[in-house]
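*Asks:* So here's target_7.txt, just compact mmCIF, C-alpha atoms:
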```txt
# COMPACT_ATOMS: atom_id res chain seq x y z
CA MET A 12 47.05 -92.68 24.85
CA CYS A 13 44.08 -94.88 24.14
CA LEU A 14 40.64 -93.83 25.38
CA PRO A 15 38.29 -96.47 26.76
CA LEU A 16 35.47 -97.49 24.52
CA ILE A 17 32.00 -96.73 25.83
CA CYS A 18 29.03 -98.73 24.75
CA PRO A 19 26.15 -96.43 23.57
CA ALA A 20 23.61 -98.54 25.39
CA GLN A 21 25.60 -98.38 28.63
CA PHE A 22 25.97 -94.54 28.27
CA ALA A 23 22.21 -94.11 27.86
CA ALA A 24 21.54 -96.28 30.90
CA ASP A 25 23.94 -94.22 33.04
CA ARG A 26 22.24 -90.97 31.96
CA MET A 27 18.81 -92.33 32.86
CA LYS A 28 20.01 -93.19 36.36
CA LYS A 29 21.19 -89.60 36.95
CA MET A 30 17.91 -88.03 35.81
CA PRO A 31 15.26 -87.46 38.53
CA SER A 32 12.28 -89.74 38.31
CA ARG A 33 8.94 -88.36 37.18
CA SER A 34 7.54 -88.87 40.67
CA THR A 35 10.48 -86.91 42.19
CA ALA A 36 9.96 -83.99 39.78
CA SER A 37 6.24 -84.01 40.56
CA ARG A 38 6.93 -83.86 44.29
CA ARG A 39 9.30 -80.91 43.83
CA SER A 40 6.73 -79.03 41.70
CA ALA A 41 4.00 -79.66 44.27
CA ALA A 42 6.22 -78.42 47.11
CA SER A 43 7.05 -75.27 45.17
CA SER A 44 3.33 -74.63 44.52
CA VAL A 45 2.51 -75.04 48.22
CA LYS A 46 5.26 -72.59 49.16
CA SER A 47 4.02 -70.00 46.62
CA ALA A 48 0.45 -70.42 47.79
CA ALA A 49 1.50 -69.89 51.40
CA SER A 50 3.34 -66.64 50.59
CA ALA A 51 0.57 -65.26 48.34
CA PRO A 52 -1.83 -64.24 51.18
CA ALA A 53 0.96 -62.35 52.96
CA LEU A 54 1.81 -60.47 49.74
CA ASP A 55 -1.86 -59.70 49.08
CA SER A 56 -2.20 -58.38 52.63
CA GLN A 57 0.77 -56.04 52.17
CA ILE A 58 -0.61 -54.75 48.86
CA ALA A 59 -4.02 -54.21 50.49
CA GLU A 60 -2.42 -52.12 53.24
CA ILE A 61 -0.65 -49.94 50.67
CA ASP A 62 -3.86 -49.53 48.67
CA ALA A 63 -5.66 -48.45 51.86
CA LEU A 64 -3.05 -45.73 52.48
CA PHE A 65 -3.33 -44.50 48.89
CA THR A 66 -7.13 -44.43 49.14
CA HIS A 67 -7.01 -42.42 52.37
CA ALA A 68 -4.77 -39.85 50.67
CA GLY A 69 -7.03 -39.68 47.62
CA LEU A 70 -4.53 -41.44 45.37
CA ARG A 71 -4.60 -44.65 43.38
CA ARG A 72 -1.87 -47.22 42.77
CA SER A 73 -0.97 -47.55 39.12
CA ARG A 74 -1.92 -50.83 37.53
CA ARG A 75 -0.14 -50.25 34.25
CA GLU A 76 -0.31 -53.32 32.03
CA LYS A 77 2.56 -52.32 29.76
CA ALA A 78 5.95 -50.84 30.47
CA ALA A 79 6.24 -47.08 30.18
CA GLY A 80 7.79 -45.70 27.02
CA VAL A 81 7.16 -43.37 24.12
CA ARG A 82 4.34 -44.73 22.02
CA SER A 83 4.46 -44.83 18.26
CA ARG A 84 3.44 -41.58 16.66
CA ALA A 85 1.32 -43.63 14.24
CA ARG A 86 -1.20 -44.17 17.07
CA TYR A 87 -2.38 -40.58 16.95
CA GLN A 88 -5.30 -39.54 14.83
CA ASP A 89 -4.67 -36.78 12.28
CA LYS A 90 -6.25 -33.48 13.32
CA THR A 91 -6.32 -29.87 12.21
CA PRO A 92 -6.34 -26.88 14.55
CA GLU A 93 -10.02 -26.34 13.75
CA ASP A 94 -10.81 -29.89 14.90
CA LEU A 95 -9.23 -29.23 18.30
CA ARG A 96 -10.22 -25.62 18.93
CA PRO A 97 -12.26 -25.32 22.17
CA ALA A 98 -15.51 -23.41 22.37
CA PRO A 99 -15.05 -19.68 23.08
CA ALA A 100 -15.28 -18.64 26.71
CA GLN A 101 -18.48 -16.80 27.64
CA THR A 102 -17.77 -13.56 29.49
CA VAL A 103 -19.81 -11.18 31.62
CA ARG A 104 -19.19 -7.50 32.29
CA ALA A 105 -19.31 -6.22 35.86
CA ALA A 106 -20.69 -2.83 36.88
CA ASN A 107 -17.14 -1.42 37.09
CA GLY A 108 -16.47 -2.46 33.46
CA VAL A 109 -14.30 -5.52 34.19
CA GLU A 110 -14.96 -8.43 31.82
CA TRP A 111 -14.53 -11.88 33.33
CA VAL A 112 -15.53 -15.53 32.81
CA PRO A 113 -17.92 -17.18 35.29
CA VAL A 114 -18.54 -20.92 35.61
CA PRO A 115 -22.02 -21.88 34.34
CA GLY A 116 -24.14 -23.16 37.20
CA TRP A 117 -21.87 -21.99 40.01
CA GLU A 118 -24.02 -18.92 40.59
CA LYS A 119 -26.42 -21.30 42.39
CA ILE A 120 -23.81 -21.88 45.13
CA SER A 121 -24.73 -18.85 47.20
CA TRP A 122 -21.64 -18.81 49.44
CA LEU A 123 -19.11 -19.10 46.59
CA TRP A 124 -17.01 -16.39 44.94
CA HIS A 125 -15.23 -17.32 41.71
CA GLY A 126 -14.08 -16.07 38.32
CA PHE A 127 -11.48 -16.27 35.52
CA SER A 128 -10.21 -12.86 34.48
CA THR A 129 -9.54 -11.55 30.96
CA ARG A 130 -7.29 -8.75 29.74
CA ARG A 131 -10.13 -6.28 29.15
CA SER A 132 -11.03 -3.19 31.17
CA GLY A 133 -8.21 -2.15 33.48
CA VAL A 134 -5.68 0.62 34.01
CA SER A 135 -2.52 -1.03 32.60
CA THR A 136 -1.09 0.16 29.29
CA ALA A 137 2.17 -1.84 29.17
CA TYR A 138 0.87 -4.34 26.59
CA THR A 139 -1.72 -2.30 24.70
CA GLY A 140 0.51 -0.57 22.17
CA SER A 141 0.33 3.14 21.46
CA GLY A 142 -3.03 4.69 22.13
CA GLY A 143 -4.63 1.47 23.35
CA ALA A 144 -7.26 1.33 26.09
CA GLY A 145 -6.31 0.23 29.58
CA GLU A 146 -6.02 -3.50 30.27
CA LEU A 147 -6.46 -5.76 33.27
CA ASN A 148 -2.91 -7.06 33.78
CA LEU A 149 -2.94 -8.72 37.21
CA GLY A 150 0.67 -9.89 37.39
CA PHE A 151 3.59 -7.92 38.78
CA THR A 152 5.56 -8.07 35.54
CA ALA A 153 8.70 -6.06 34.81
CA ASP A 154 6.91 -3.90 32.22
CA ASN A 155 4.04 -2.81 34.44
CA ALA A 156 3.90 -0.32 37.31
CA TRP A 157 2.99 -1.97 40.61
CA GLU A 158 0.36 0.62 41.47
CA ASN A 159 -1.48 -0.22 38.24
CA VAL A 160 -1.44 -3.95 39.06
CA LEU A 161 -2.71 -3.28 42.59
CA ARG A 162 -5.54 -1.16 41.18
CA ASN A 163 -6.41 -3.88 38.66
CA ARG A 164 -6.60 -6.44 41.47
CA GLU A 165 -9.00 -4.18 43.32
CA LEU A 166 -11.14 -3.94 40.20
CA LEU A 167 -11.24 -7.73 39.82
CA ALA A 168 -12.08 -8.24 43.50
CA GLU A 169 -14.90 -5.72 43.18
CA ALA A 170 -16.23 -7.41 40.03
CA VAL A 171 -16.28 -10.87 41.66
CA THR A 172 -17.20 -10.06 45.28
CA GLY A 173 -18.75 -6.60 45.15
CA SER A 174 -15.99 -5.13 47.33
CA ALA A 175 -12.64 -3.77 46.12
CA ARG A 176 -11.21 -4.43 49.60
CA ALA A 177 -11.56 -8.22 49.46
CA PRO A 178 -7.99 -9.58 49.91
CA ILE A 179 -6.46 -11.75 47.18
CA VAL A 180 -3.90 -14.37 48.23
CA THR A 181 -1.36 -15.52 45.62
CA LEU A 182 1.87 -17.53 45.50
CA LYS A 183 5.18 -17.36 43.70
CA GLN A 184 4.43 -20.08 41.15
CA ILE A 185 7.19 -22.59 40.38
CA HIS A 186 5.52 -25.29 38.18
CA SER A 187 5.44 -27.78 41.05
CA SER A 188 3.03 -30.03 42.96
CA VAL A 189 3.27 -27.89 46.10
CA VAL A 190 -0.12 -27.01 47.64
CA VAL A 191 -0.32 -24.41 50.43
CA LEU A 192 -3.02 -24.14 53.08
CA ALA A 193 -4.03 -20.47 53.13
CA ASP A 194 -4.49 -19.71 56.79
CA SER A 195 -3.17 -16.69 58.69
CA ALA A 196 0.12 -18.42 59.58
CA SER A 197 1.02 -20.20 56.32
CA ILE A 198 1.04 -17.41 53.74
CA THR A 199 4.08 -15.15 53.83
CA PRO A 200 5.56 -12.85 51.17
CA GLY A 201 7.41 -14.94 48.59
CA CYS A 202 5.65 -18.18 49.56
CA LYS A 203 6.18 -20.69 46.71
CA GLY A 204 3.80 -23.25 45.27
CA ASP A 205 1.17 -23.88 42.62
CA GLY A 206 -1.91 -24.67 44.66
CA LEU A 207 -3.87 -22.85 47.34
CA MET A 208 -6.72 -24.09 49.55
CA THR A 209 -8.75 -22.65 52.41
CA ASP A 210 -11.96 -22.88 54.41
CA ARG A 211 -11.64 -19.27 55.67
CA PRO A 212 -14.40 -16.89 54.56
CA GLY A 213 -13.69 -13.46 53.08
CA VAL A 214 -10.49 -14.35 51.16
CA LEU A 215 -9.95 -14.85 47.42
CA LEU A 216 -7.37 -17.45 46.38
CA GLY A 217 -5.70 -16.60 43.07
CA VAL A 218 -3.43 -18.33 40.55
CA GLN A 219 -1.85 -16.43 37.66
CA THR A 220 -1.88 -17.73 34.09
CA ALA A 221 -0.96 -16.60 30.60
CA ASP A 222 -1.29 -19.98 28.79
CA CYS A 223 -1.18 -22.54 31.62
CA ILE A 224 -4.41 -24.10 32.86
CA PRO A 225 -6.21 -22.75 35.95
CA VAL A 226 -8.36 -25.22 37.89
CA LEU A 227 -10.82 -24.10 40.59
CA VAL A 228 -12.40 -26.58 43.04
CA ALA A 229 -15.16 -26.13 45.63
CA ASP A 230 -16.47 -28.49 48.30
CA ARG A 231 -20.22 -27.86 48.45
CA ARG A 232 -20.68 -29.65 51.78
CA ARG A 233 -17.60 -28.59 53.78
CA LYS A 234 -17.43 -25.08 52.28
CA ALA A 235 -13.78 -25.32 51.31
CA VAL A 236 -12.14 -24.09 48.09
CA ALA A 237 -8.90 -24.54 46.17
CA ALA A 238 -7.14 -23.05 43.13
CA PHE A 239 -4.42 -24.78 41.08
CA HIS A 240 -1.95 -23.60 38.44
CA ALA A 241 -1.35 -26.47 35.97
CA GLY A 242 1.19 -26.01 33.22
CA TRP A 243 2.51 -29.14 31.55
CA ARG A 244 5.15 -29.63 34.26
CA GLY A 245 2.64 -29.23 37.07
CA THR A 246 0.24 -31.55 35.27
CA VAL A 247 2.92 -34.25 34.98
CA LYS A 248 3.56 -33.81 38.71
CA ARG A 249 -0.19 -34.26 39.38
CA ILE A 250 -0.77 -30.86 41.01
CA VAL A 251 -4.56 -31.21 40.70
CA GLU A 252 -4.81 -34.87 41.69
CA SER A 253 -2.56 -34.45 44.72
CA GLY A 254 -4.36 -31.21 45.61
CA ILE A 255 -7.68 -33.04 45.83
CA GLY A 256 -6.00 -35.58 48.10
CA ARG A 257 -4.77 -32.73 50.29
CA MET A 258 -8.32 -31.34 50.53
CA ARG A 259 -9.49 -34.73 51.75
CA LEU A 260 -6.85 -34.73 54.48
CA GLU A 261 -7.23 -31.09 55.57
CA PHE A 262 -11.00 -30.62 55.34
CA GLY A 263 -12.42 -34.14 55.18
CA SER A 264 -13.65 -33.44 51.65
CA ARG A 265 -15.34 -36.24 49.74
CA PRO A 266 -14.88 -36.40 45.95
CA GLU A 267 -18.63 -36.73 45.37
CA ASP A 268 -19.15 -33.34 47.07
CA LEU A 269 -16.60 -31.51 44.90
CA VAL A 270 -17.22 -29.41 41.82
CA ALA A 271 -14.39 -28.25 39.56
CA ALA A 272 -13.88 -25.78 36.72
CA ILE A 273 -11.05 -25.78 34.18
CA GLY A 274 -10.44 -22.26 32.93
CA PRO A 275 -9.07 -20.72 29.72
CA GLY A 276 -5.57 -21.72 28.63
CA ASN A 277 -3.49 -22.67 25.62
CA GLY A 278 -5.79 -25.10 23.81
CA PRO A 279 -4.86 -28.28 21.94
CA CYS A 280 -5.36 -26.35 18.71
CA CYS A 281 -2.26 -24.26 19.45
CA TYR A 282 -0.20 -26.03 22.12
CA ALA A 283 2.59 -27.68 20.10
CA VAL A 284 5.13 -29.58 22.21
CA GLY A 285 8.23 -31.68 21.71
CA GLU A 286 8.92 -35.39 22.12
CA GLU A 287 10.33 -34.78 25.62
CA VAL A 288 6.89 -33.70 26.83
CA LEU A 289 5.34 -36.82 25.29
CA SER A 290 7.96 -38.95 27.03
CA GLU A 291 7.23 -37.33 30.41
CA PHE A 292 3.49 -37.90 30.09
CA THR A 293 3.87 -41.45 28.83
CA SER A 294 6.05 -42.31 31.82
CA GLN A 295 3.33 -41.14 34.22
CA PHE A 296 -0.10 -41.77 32.67
CA ALA A 297 -1.50 -44.88 31.00
CA TYR A 298 -3.91 -42.63 29.07
CA ALA A 299 -1.17 -40.33 27.75
CA PRO A 300 -1.83 -41.15 24.05
CA GLU A 301 -5.38 -39.88 24.50
CA VAL A 302 -4.25 -36.32 25.32
CA PHE A 303 -1.83 -35.91 22.39
CA HIS A 304 -2.69 -35.25 18.75
CA GLU A 305 -0.77 -35.02 15.50
CA VAL A 306 -1.85 -31.74 13.93
CA TYR A 307 -1.44 -30.94 10.26
CA ASP A 308 -1.30 -27.45 8.83
CA SER A 309 -4.74 -26.39 7.63
CA ASP A 310 -3.52 -23.43 5.57
CA SER A 311 -5.78 -23.34 2.51
CA VAL A 312 -2.94 -22.10 0.24
CA LYS A 313 -0.69 -25.01 1.27
CA GLN A 314 -3.49 -27.46 0.72
CA LYS A 315 -4.31 -26.10 -2.73
CA TYR A 316 -0.69 -25.67 -3.91
CA PRO A 317 1.37 -28.27 -2.00
CA MET A 318 4.13 -28.31 -4.66
CA LEU A 319 5.07 -24.74 -3.78
CA PHE A 320 6.10 -25.81 -0.29
CA LEU A 321 8.22 -28.87 -1.09
CA THR A 322 11.85 -28.81 0.02
CA GLN A 323 15.00 -30.60 -1.16
CA ARG A 324 15.71 -32.02 2.28
CA ALA A 325 15.74 -35.76 2.82
CA PRO A 326 12.51 -37.32 4.10
CA GLY A 327 12.25 -36.90 7.86
CA HIS A 328 14.33 -33.73 7.88
CA SER A 329 11.81 -31.30 6.43
CA PRO A 330 10.12 -28.76 8.73
CA ILE A 331 6.85 -29.33 6.86
CA GLY A 332 4.66 -31.99 8.42
CA PRO A 333 2.57 -32.77 11.50
CA SER A 334 3.32 -31.30 14.89
CA LEU A 335 2.54 -32.89 18.24
CA HIS A 336 -0.10 -31.03 20.27
CA LEU A 337 -1.02 -31.53 23.93
CA ASP A 338 -4.55 -31.17 25.31
CA LEU A 339 -3.96 -29.86 28.85
CA PHE A 340 -7.70 -29.36 29.35
CA GLU A 341 -8.32 -33.09 28.95
CA ALA A 342 -5.20 -34.05 30.90
CA ASN A 343 -6.42 -32.13 33.95
CA ARG A 344 -9.98 -33.35 33.51
CA ARG A 345 -8.64 -36.91 33.65
CA GLN A 346 -6.79 -36.08 36.87
CA LEU A 347 -10.00 -34.82 38.42
CA LEU A 348 -11.74 -38.04 37.40
CA ASP A 349 -8.91 -40.12 38.84
CA ALA A 350 -9.24 -38.14 42.08
CA GLY A 351 -12.85 -39.33 42.33
CA LEU A 352 -14.88 -36.40 40.98
CA LYS A 353 -17.97 -37.17 38.94
CA ALA A 354 -17.75 -36.28 35.26
CA GLY A 355 -20.91 -34.16 35.51
CA ASN A 356 -19.30 -32.03 38.25
CA ILE A 357 -16.35 -30.97 36.05
CA ASN A 358 -16.87 -27.90 33.86
CA VAL A 359 -14.48 -26.90 31.06
CA VAL A 360 -15.37 -23.25 30.44
CA GLY A 361 -13.56 -23.03 27.08
CA GLY A 362 -11.39 -20.36 25.56
CA CYS A 363 -7.91 -20.65 24.03
CA THR A 364 -5.46 -17.95 25.10
CA SER A 365 -3.53 -18.21 21.80
CA CYS A 366 -6.63 -18.13 19.57
CA GLN A 367 -8.23 -15.19 21.42
CA PRO A 368 -5.38 -12.68 21.98
CA GLU A 369 -7.89 -9.82 22.07
CA LEU A 370 -9.49 -11.42 25.16
CA PHE A 371 -6.61 -13.16 26.96
CA PHE A 372 -2.91 -12.67 27.61
CA SER A 373 -0.77 -15.37 25.97
CA HIS A 374 2.90 -15.84 26.77
CA ARG A 375 3.46 -17.93 23.63
CA ALA A 376 1.46 -15.82 21.21
CA SER A 377 3.21 -12.62 22.35
CA HIS A 378 6.68 -14.26 22.35
CA GLY A 379 7.17 -13.86 26.09
CA ARG A 380 5.99 -10.29 26.57
CA ALA A 381 2.58 -10.61 28.16
CA GLY A 382 0.54 -9.68 31.18
CA ARG A 383 -1.16 -12.20 33.45
CA MET A 384 -4.72 -13.25 34.16
CA LEU A 385 -5.79 -14.05 37.73
CA ASN A 386 -8.19 -16.88 38.40
CA VAL A 387 -9.88 -16.60 41.77
CA ILE A 388 -12.13 -18.52 44.15
CA GLY A 389 -13.26 -17.83 47.69
CA ILE A 390 -15.91 -18.18 50.39
CA ARG A 391 -18.29 -15.29 50.79
CA GLY A 392 -17.50 -13.32 53.94
```
Do you think you could lay out the structure here as structure tokens?

*Replies:*
Amino acid sequence: MCLPLICPAQFAADRMKKMPSRSTASRRSAASSVKSAASAPALDSQIAEIDALFTHAGLRRSRREKAAGVRSRARYQDKTPEDLRPAPAQTVRAANGVEWVPVPGWEKISWLWHGFSTRRSGVSTAYTGSGGAGELNLGFTADNAWENVLRNRELLAEAVTGSARAPIVTLKQIHSSVVVLADSASITPGCKGDGLMTDRPGVLLGVQTADCIPVLVADRRRKAVAAFHAGWRGTVKRIVESGIGRMRLEFGSRPEDLVAAIGPGNGPCCYAVGEEVLSEFTSQFAYAPEVFHEVYDSDSVKQKYPMLFLTQRAPGHSPIGPSLHLDLFEANRRQLLDAGLKAGNINVVGGCTSCQPELFFSHRASHGRAGRMLNVIGIRG
């Protein structure tokens, strides 16, 4: 079968007829621009309404410029444990012998009770070893008699408030973002959560720690207080940031009236974590790379004789090398800033629970067998 011959000139002319004219394309582009411009105000109005709701709740819509994902490890600056070690916590000793950590400057707030406990000066002997002096374990752990823990809590209440009969309210902590209002009806035995708040006088709110970060907050104008337990899971879930938002809803608190204290915990010098923790933080916080560090061993023997510690494993498979460390102090300070607190109203009291085992209980340093500190805040009765 013979195919018809097509003249190249005629083919080009036919194609030109089928193509839209420049004026037609311009009209279509203009119409599309008008339609987009008409829908833009409606979209902006909807976004403004959502932002208003977030602002009322004390939250802020993320404006992340880049997609979430694990950042390159090469971004992190090399550190040693000494570079990251926080300043030691400064303790005071009460008349009954209990040693605890106050927040500098908070003694000027006359109506406020507060304090971070240590392990010193109590009646517990479960974690002291043979012949050791009594310690201030404040958690109902399996190794410790309940009557000793109750007596220790009385000693702490007396050290902070002046009265051993001041009640201490605690929760069953579950590494969550759950915040409980501590009124007479809300707190029941076995109540779960990781944050407590109240405006009732005469009650101490307490969160237990043995490496996690305790955060205490006080509203100087409304006379309301809160205590938060922030491990890495609770920090990822924004326990502190959402807790400040809850204070705004419950008490009408304003961020500029709030003061906060971040207590002793596992410092960035010692808190080695895995890639899964980095991934969780990177998926939630644009500033995640700023709270992680690559830490190299600072052992003087290894530095002087590195050849003694070489292995025959392939590169990338050797246990020797940098480890990834998380700064939970800074992560929670950033949450307080994002919640609207002024930087000058946030106090990091210092102290690493792993570096100071003689002063603090540490779950990691003791391989899981440790007592608990209790970090308390309340309104003078």

*Asks:* Need the shell around segment 127-136 of chain A: protein/DNA/RNA residues with any atom at most 7 Å away, counting only C-alpha atoms. Skip same-chain ones fewer than 3 positions apart. Format as an MDAnalysis selection string?

*Replies:* chainID A and resid 108:113 139 145:148 159 163 274 370:372 384:387

*Asks:* List the residues sitting within 12 Å of (-9.8, -30.7, 46.9) in the file's frame, using only C-alpha atoms, as a PyMOL selection string.

*Replies:* chain A and resi 68-69+190-192+206-210+226-239+250-271+346-347+350-352

*Asks:* Rounded to one decimal, what separation in Å do you get between atom CA of Val247 of chain A and atom CA of Leu348 of chain A?

*Replies:*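 Going from atom CA of Val247 of chain A over to atom CA of Leu348 of chain A covers 15.3 Å.
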
*Asks:* Can you work out the spacing between atom CA of Ser121 of chain A and atom CA of Ile390 of chain A in Å, to one decimal?

*Replies:*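 Atom CA of Ile390 of chain A lies at a distance of 9.4 Å from atom CA of Ser121 of chain A.
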
*Asks:* Of the candidates A:Thr293, A:Ala381, A:Gly392, A:Tyr282, which shows the shortest atom-to-atom distance to Pro92 of chain A, using all atoms listed in the file?

*Replies:* A:Tyr282

*Asks:* Can you tell me, as a PDB file with C-alpha atoms, keeping the file's coordinate frame, which residues sit within 7 Å of (-9.8, -7.8, 46.2) in the file's frame, using all atoms listed in the file?

*Replies:*
```
ATOM      1  CA  ARG A 164      -6.600  -6.440  41.470  1.00  0.00           C
ATOM      2  CA  GLU A 165      -9.000  -4.180  43.320  1.00  0.00           C
ATOM      3  CA  LEU A 167     -11.240  -7.730  39.820  1.00  0.00           C
ATOM      4  CA  ALA A 168     -12.080  -8.240  43.500  1.00  0.00           C
ATOM      5  CA  GLU A 169     -14.900  -5.720  43.180  1.00  0.00           C
ATOM      6  CA  SER A 174     -15.990  -5.130  47.330  1.00  0.00           C
ATOM      7  CA  ALA A 175     -12.640  -3.770  46.120  1.00  0.00           C
ATOM      8  CA  ARG A 176     -11.210  -4.430  49.600  1.00  0.00           C
ATOM      9  CA  ALA A 177     -11.560  -8.220  49.460  1.00  0.00           C
ATOM     10  CA  PRO A 178      -7.990  -9.580  49.910  1.00  0.00           C
ATOM     11  CA  ILE A 179      -6.460 -11.750  47.180  1.00  0.00           C
TER      12      ILE A 179
END
```

*Asks:* List the spatial neighbours of Gly285 of chain A as a list in words - criterion: any atom at most 7 Å away, all atoms listed in the file, same-chain residues fewer than 3 positions off excluded.

*Replies:*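 What passes the distance filter is Val288, Leu289 and Leu335 of chain A.
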
*Asks:* Quick one: distance from atom CA of Pro99 of chain A to atom CA of Ser365 of chain A in Å, one decimal?

*Replies:*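 Atom CA of Pro99 of chain A sits 11.7 Å away from atom CA of Ser365 of chain A.
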
*Asks:* List the neighbours of Ser334 of chain A out to 9 Å using only C-alpha atoms; skip same-chain residues closer than 6 positions along the sequence, and give me the result as an NGL selection string.

*Replies:* :A and (283-285 or 304-308)

*Asks:* Residues of the last selection are to be written out with C-alpha atoms, as a PDB file, keeping the file's coordinate frame.

*Replies:*
```pdb
ATOM      1  CA  ALA A 283       2.590 -27.680  20.100  1.00  0.00           C
ATOM      2  CA  VAL A 284       5.130 -29.580  22.210  1.00  0.00           C
ATOM      3  CA  GLY A 285       8.230 -31.680  21.710  1.00  0.00           C
ATOM      4  CA  HIS A 304      -2.690 -35.250  18.750  1.00  0.00           C
ATOM      5  CA  GLU A 305      -0.770 -35.020  15.500  1.00  0.00           C
ATOM      6  CA  VAL A 306      -1.850 -31.740  13.930  1.00  0.00           C
ATOM      7  CA  TYR A 307      -1.440 -30.940  10.260  1.00  0.00           C
ATOM      8  CA  ASP A 308      -1.300 -27.450   8.830  1.00  0.00           C
TER       9      ASP A 308
END
```

*Asks:* Looking at all atoms listed in the file, which of A:Ser377, A:Ser187, A:Thr220, A:Ser294 is the one that sits closest to Gly204 of chain A?

*Replies:* A:Ser187

*Asks:* Which polymer residues have any atom within 8 Å of an atom of Gly242 of chain A, counting all atoms listed in the file, with same-chain residues fewer than 4 positions away left out, as an mmCIF file with C-alpha atoms, in the frame of the given file?

*Replies:*
```
data_model
loop_
_atom_site.group_PDB
_atom_site.id
_atom_site.type_symbol
_atom_site.label_atom_id
_atom_site.label_comp_id
_atom_site.auth_asym_id
_atom_site.auth_seq_id
_atom_site.Cartn_x
_atom_site.Cartn_y
_atom_site.Cartn_z
ATOM 1 C CA HIS A 186 5.520 -25.290 38.180
ATOM 2 C CA ASP A 222 -1.290 -19.980 28.790
ATOM 3 C CA CYS A 223 -1.180 -22.540 31.620
ATOM 4 C CA ILE A 224 -4.410 -24.100 32.860
ATOM 5 C CA THR A 246 0.240 -31.550 35.270
ATOM 6 C CA LEU A 339 -3.960 -29.860 28.850
#
```

*Asks:* Which is closer to Gly362 of chain A than all the others in A:Lys90, A:Arg96, A:Arg345, A:His240, using all atoms listed in the file?

*Replies:* A:Arg96

*Asks:* Which residue, A:Ala376, A:Val160, A:Pro279, A:Ala241, has the smallest gap to Val189 of chain A when you use all atoms listed in the file?

*Replies:*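 Closest residue, counting all atoms listed in the file: A:Ala241.
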